[in-house]
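Colleague: Questions regarding the structure given below will be posed in turn.
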Amino acid sequence: MTPPDYEYLRKLLKDHSGLDLSADKQYLIESRLLPLSRKCGLAGISELVQKMKGGAPAIVAQVVEAMTTNETFFFRDKVPFDHFRDSIMPEVLKARAARKSIRIWCAAGSTGQEPYSLAMSLKEMSAALAGWRIEIIATDLSQEVLEKSKAGIYSQFEVQRGLPIQMLVKYFKQNGELWQINADIRAMVQHRQLNLLHDFSQLGMFDVIFCRNVLIYFDQDTKINIFGRLAKSMEADGFLVLGAAETVVGLTDVFKPFPDKRGLYRPNAARAATAAMPKIAAMAGR
Amino acid sequence: MKTCLVVDDSGVVRKIARRILEEMGFEITEAEDGEKALEVCKRAMPDAVLLDWNMPVMDGYEFLGHLRRLPGGDAPKVVFCTTENGMDHISRALHAGANEYIMKPFDKDIVADKFKEVGLIEVTEPTPV
């Protein structure tokens, strides 16, 4: 890919989705856009860029979609789901014992593997959750991806990435070469289209937010802005889970790392307290 | 070095599996049917068995039954790798003591995921950037 083509794509993606590719993401573009080029009957990425320069909104939309859709597997990276089962849920069960409700947000729900992995994890601990109200909200930028998530239908390849075979047997029904996750698991997940660049306060407050492998594409300021708004959408004793290659460190202090659990963060109580003080002072002065 | 016995009547599949597993650091032995695989296990139990279902002489399912009754035969992690992709076959395999199940066609990522799942290889994480 030529440097001018790369720059063109970088700017296009930044303008259309906030996606901020650093100077070294050629491989990512190639792995996502070569298949798209072929699908459009074009020889390669140069031809794709030429086509877009000539004005092809349908192709632009597909390029944005291809670049912002995350590769995703069931129980991706495994560790975050161990944290969910072993660290997050035991604390949430204690902290919400009176209210008996849990709200979880998958902020880059993609084709459903992540929200359904959480749903299956919760199903596995259903004895402890009897009588609890559980909400899992999956959001994504792409409506197409959300439709796939809603359907919960996966190829043989997809169900073999990260999903233990016992879970396939327990929670899926086979239909030829395809596998559909059971209706009771699907019913645990609600879907909403959402661009993280826009206001999401209408989603309400969450106990747990999974926001993995999406902020990685945004620039610093956008990340800081999103972290700030995520903190406002989270209960003071909630949990934030980021992707393995993501961190808040050096960007913001609204969240702090959870000791010894990589990828796990909590709202920074000290900061929340100082932030709240001027408000109280203002009220007192009124 | 961990050892893996690759059992498949297709030389091509054994070769592909060998290449994938050697890259993951396994020492490989091969067998072309269940009976030969059983002989290998009687000499020395491997850490892992990648097991086809349909083979001449003795199929993978029958092999698994014999293996699990051998002294020390409960130790190897057995991962089926077969074109039998029906729920009924998967359930039977798990019931007979299989640890994981790969539906062909497979690739390196699937083998790696399944071997991670049963603890044969470690889960590695990318470092924060």
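Labels used: A, B, ... for chains in the order of the structure tokens, numbers from 1 for residues in each chain, and numbers from 1 for ligands as shown.
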Using only C-alpha atoms, find the residues of chain A whose closest atom to chain B is at most 7 Å away, then write them as a list in words.
Modeller: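 In the required form, that comes to Asp77, Gln160, Arg161, Gly162, Pro164, Ile165, Val169, Gln174, Ala244, Ala245, Glu246 and Thr247 of chain A.
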Colleague: Please identify every residue of stretch 28-73 of chain B that has at least one atom no farther than 7 Å from an atom of stretch 2-21 of chain B, counting only C-alpha atoms, and for each give the shortest atom pair and the distance in Å to one decimal, arranged by chain then increasing number, as a Markdown table.
Modeller:
```
| residue | atom | partner | partner_atom | distance |
| --- | --- | --- | --- | --- |
| B:Ile28 | CA | B:Cys4 | CA | 5.1 |
| B:Thr29 | CA | B:Leu5 | CA | 4.8 |
| B:Glu30 | CA | B:Val6 | CA | 4.8 |
| B:Ala31 | CA | B:Val7 | CA | 4.8 |
| B:Glu32 | CA | B:Asp9 | CA | 4.4 |
| B:Asp33 | CA | B:Asp9 | CA | 5.9 |
| B:Ala37 | CA | B:Val7 | CA | 6.6 |
| B:Pro46 | CA | B:Thr3 | CA | 5.2 |
| B:Asp47 | CA | B:Thr3 | CA | 5.2 |
| B:Ala48 | CA | B:Cys4 | CA | 4.5 |
| B:Val49 | CA | B:Leu5 | CA | 4.7 |
| B:Leu50 | CA | B:Val6 | CA | 4.9 |
| B:Leu51 | CA | B:Val7 | CA | 5.0 |
| B:Asp52 | CA | B:Asp8 | CA | 5.1 |
| B:Met55 | CA | B:Asp9 | CA | 5.8 |
```
Colleague: Enter the distance from atom CA of A:Lys39 to atom CA of A:Gln180, in Å, rounded to one decimal.
Modeller: 26.3 Å
Colleague: Quick one: pick out all strand (DSSP E) residues within stretch 137-188 of chain A from a backbone DSSP run and write them as a PyMOL selection string.
Modeller: chain A and resi 137-140+153-155+172-175+178-181
Colleague: Store the residues picked out above, limited to N, CA and C atoms, as a CSV table (one decimal), in the first residue's frame.
Modeller:
```csv
chain,number,residue,atom,x,y,z
A,137,ILE,N,-26.6,-5.2,28.2
A,137,ILE,CA,-26.9,-4.4,27.0
A,137,ILE,C,-25.7,-4.5,26.1
A,138,ALA,N,-25.9,-4.9,24.9
A,138,ALA,CA,-24.8,-4.9,23.9
A,138,ALA,C,-25.0,-3.8,22.9
A,139,THR,N,-24.0,-3.0,22.8
A,139,THR,CA,-24.1,-1.9,21.8
A,139,THR,C,-23.0,-2.0,20.8
A,140,ASP,N,-23.3,-1.5,19.6
A,140,ASP,CA,-22.2,-1.4,18.5
A,140,ASP,C,-22.6,-0.3,17.6
A,153,ILE,N,-26.5,-16.7,15.4
A,153,ILE,CA,-26.2,-17.8,14.6
A,153,ILE,C,-24.7,-17.7,14.2
A,154,TYR,N,-24.0,-18.8,14.4
A,154,TYR,CA,-22.5,-18.8,14.1
A,154,TYR,C,-22.1,-20.0,13.3
A,155,SER,N,-21.0,-19.7,12.5
A,155,SER,CA,-20.5,-20.8,11.7
A,155,SER,C,-19.7,-21.8,12.5
A,172,PHE,N,-26.1,-24.4,22.7
A,172,PHE,CA,-26.3,-24.2,21.3
A,172,PHE,C,-27.1,-25.3,20.7
A,173,LYS,N,-27.9,-24.9,19.6
A,173,LYS,CA,-28.6,-25.9,18.8
A,173,LYS,C,-28.0,-25.9,17.5
A,174,GLN,N,-27.8,-27.1,16.9
A,174,GLN,CA,-27.2,-27.3,15.6
A,174,GLN,C,-28.2,-27.2,14.5
A,175,ASN,N,-27.9,-26.5,13.4
A,175,ASN,CA,-28.7,-26.5,12.3
A,175,ASN,C,-27.8,-26.6,11.0
A,178,LEU,N,-24.5,-24.7,10.8
A,178,LEU,CA,-24.6,-23.5,11.6
A,178,LEU,C,-25.0,-23.9,13.0
A,179,TRP,N,-24.7,-23.0,13.9
A,179,TRP,CA,-25.0,-23.2,15.3
A,179,TRP,C,-25.7,-22.0,15.9
A,180,GLN,N,-26.9,-22.2,16.5
A,180,GLN,CA,-27.6,-21.0,17.1
A,180,GLN,C,-27.6,-21.1,18.6
A,181,ILE,N,-27.2,-20.0,19.2
A,181,ILE,CA,-27.2,-20.0,20.7
A,181,ILE,C,-28.7,-20.1,21.2
```
Colleague: Show me, as a VMD selection string, the residues that have an atom within 9 Å of B:Asn54 when counting only C-alpha atoms, minus same-chain residues fewer than 4 positions from it.
Modeller: chain B and resid 8 to 9 33 58 to 61 82 to 84
Colleague: Can I get the selection written as a JSON list (two decimals), in the first residue's frame, with N, CA and C atoms?
Modeller:
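File written: out.json
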```json
[["chain", "number", "residue", "atom", "x", "y", "z"],
["B", 8, "ASP", "N", -4.60, -40.27, 12.77],
["B", 8, "ASP", "CA", -5.47, -40.00, 11.63],
["B", 8, "ASP", "C", -5.04, -40.91, 10.49],
["B", 9, "ASP", "N", -6.02, -41.45, 9.75],
["B", 9, "ASP", "CA", -5.64, -42.34, 8.66],
["B", 9, "ASP", "C", -5.18, -41.57, 7.42],
["B", 33, "ASP", "N", -4.14, -45.56, 12.81],
["B", 33, "ASP", "CA", -5.44, -46.06, 13.27],
["B", 33, "ASP", "C", -5.41, -46.24, 14.79],
["B", 58, "MET", "N", -9.33, -49.81, 13.90],
["B", 58, "MET", "CA", -10.01, -49.39, 15.14],
["B", 58, "MET", "C", -10.27, -47.89, 15.06],
["B", 59, "ASP", "N", -11.54, -47.49, 15.26],
["B", 59, "ASP", "CA", -11.83, -46.05, 15.13],
["B", 59, "ASP", "C", -11.46, -45.30, 16.41],
["B", 60, "GLY", "N", -11.55, -43.99, 16.33],
["B", 60, "GLY", "CA", -11.11, -43.14, 17.42],
["B", 60, "GLY", "C", -11.93, -43.32, 18.69],
["B", 61, "TYR", "N", -13.22, -43.55, 18.50],
["B", 61, "TYR", "CA", -14.11, -43.70, 19.66],
["B", 61, "TYR", "C", -13.75, -44.95, 20.46],
["B", 82, "THR", "N", -12.30, -34.31, 13.83],
["B", 82, "THR", "CA", -13.05, -35.19, 12.94],
["B", 82, "THR", "C", -14.07, -34.45, 12.09],
["B", 83, "THR", "N", -14.46, -35.08, 10.98],
["B", 83, "THR", "CA", -15.54, -34.52, 10.16],
["B", 83, "THR", "C", -16.90, -34.83, 10.76],
["B", 84, "GLU", "N", -16.94, -35.70, 11.77],
["B", 84, "GLU", "CA", -18.21, -35.99, 12.46],
["B", 84, "GLU", "C", -18.56, -34.76, 13.28]]
```
Colleague: Could you check how far atom CA of A:Tyr8 sits from atom CA of A:Val49, in Å to one decimal?
Modeller: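 A separation of 7.7 Å between them.
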Colleague: For A:Trp105, find every residue with an atom within 7 Å (counting only C-alpha atoms), except residues of its own chain fewer than 4 positions away, and show them as a PDB file with N, CA and C atoms, in the first residue's frame.
Modeller:
```pdb
ATOM      1  N   ILE A 136     -28.085  -7.379  30.375  1.00  0.00           N
ATOM      2  CA  ILE A 136     -26.867  -7.227  29.573  1.00  0.00           C
ATOM      3  C   ILE A 136     -27.245  -6.398  28.350  1.00  0.00           C
ATOM      4  N   ILE A 137     -26.641  -5.237  28.203  1.00  0.00           N
ATOM      5  CA  ILE A 137     -26.902  -4.394  27.043  1.00  0.00           C
ATOM      6  C   ILE A 137     -25.688  -4.483  26.124  1.00  0.00           C
ATOM      7  N   ALA A 138     -25.917  -4.895  24.881  1.00  0.00           N
ATOM      8  CA  ALA A 138     -24.830  -4.947  23.901  1.00  0.00           C
ATOM      9  C   ALA A 138     -25.030  -3.806  22.912  1.00  0.00           C
ATOM     10  N   PHE A 206     -24.424   1.512  35.137  1.00  0.00           N
ATOM     11  CA  PHE A 206     -24.016   0.105  35.051  1.00  0.00           C
ATOM     12  C   PHE A 206     -23.128  -0.309  36.224  1.00  0.00           C
ATOM     13  N   VAL A 208     -21.148  -3.122  35.673  1.00  0.00           N
ATOM     14  CA  VAL A 208     -19.992  -3.671  34.966  1.00  0.00           C
ATOM     15  C   VAL A 208     -20.027  -3.181  33.520  1.00  0.00           C
ATOM     16  N   ILE A 209     -18.895  -2.675  33.048  1.00  0.00           N
ATOM     17  CA  ILE A 209     -18.797  -2.282  31.636  1.00  0.00           C
ATOM     18  C   ILE A 209     -17.625  -3.008  30.990  1.00  0.00           C
ATOM     19  N   PHE A 210     -17.919  -3.771  29.951  1.00  0.00           N
ATOM     20  CA  PHE A 210     -16.876  -4.350  29.111  1.00  0.00           C
ATOM     21  C   PHE A 210     -16.697  -3.423  27.922  1.00  0.00           C
TER      22      PHE A 210
END
```
Colleague: Contacts of stretch 252-268 of chain A at 7 Å or less, counting only C-alpha atoms, minus same-chain residues fewer than 2 places along, as a PyMOL selection string?
Modeller: chain A and resi 224+228+231+236-244+248-250+270-272
Colleague: Which residue gives the smallest distance to B:Lys36 among B:Gly72, B:Phe63, B:His89, B:Trp53, with only C-alpha atoms counted?
Modeller: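 Among the listed residues, B:Phe63 lies closest to B:Lys36.
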Colleague: Taking the DSSP secondary structure from the backbone, can you list the residues of stretch 60-126 of chain A that are helix (DSSP H, G or I), as JSON, numbers by chain?
Modeller: {"A": [60, 61, 62, 63, 64, 65, 66, 67, 68, 79, 80, 81, 82, 83, 84, 85, 86, 87, 88, 89, 90, 91, 92, 93, 94, 95, 113, 114, 115, 116, 117, 118, 119, 120, 121, 122, 123, 124]}
Colleague: State, in Å with one decimal place, the distance from atom CA of A:Ile226 to atom CA of A:His16.
Modeller: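 Interatomic distance, atom CA of A:Ile226 to atom CA of A:His16: 17.2 Å.
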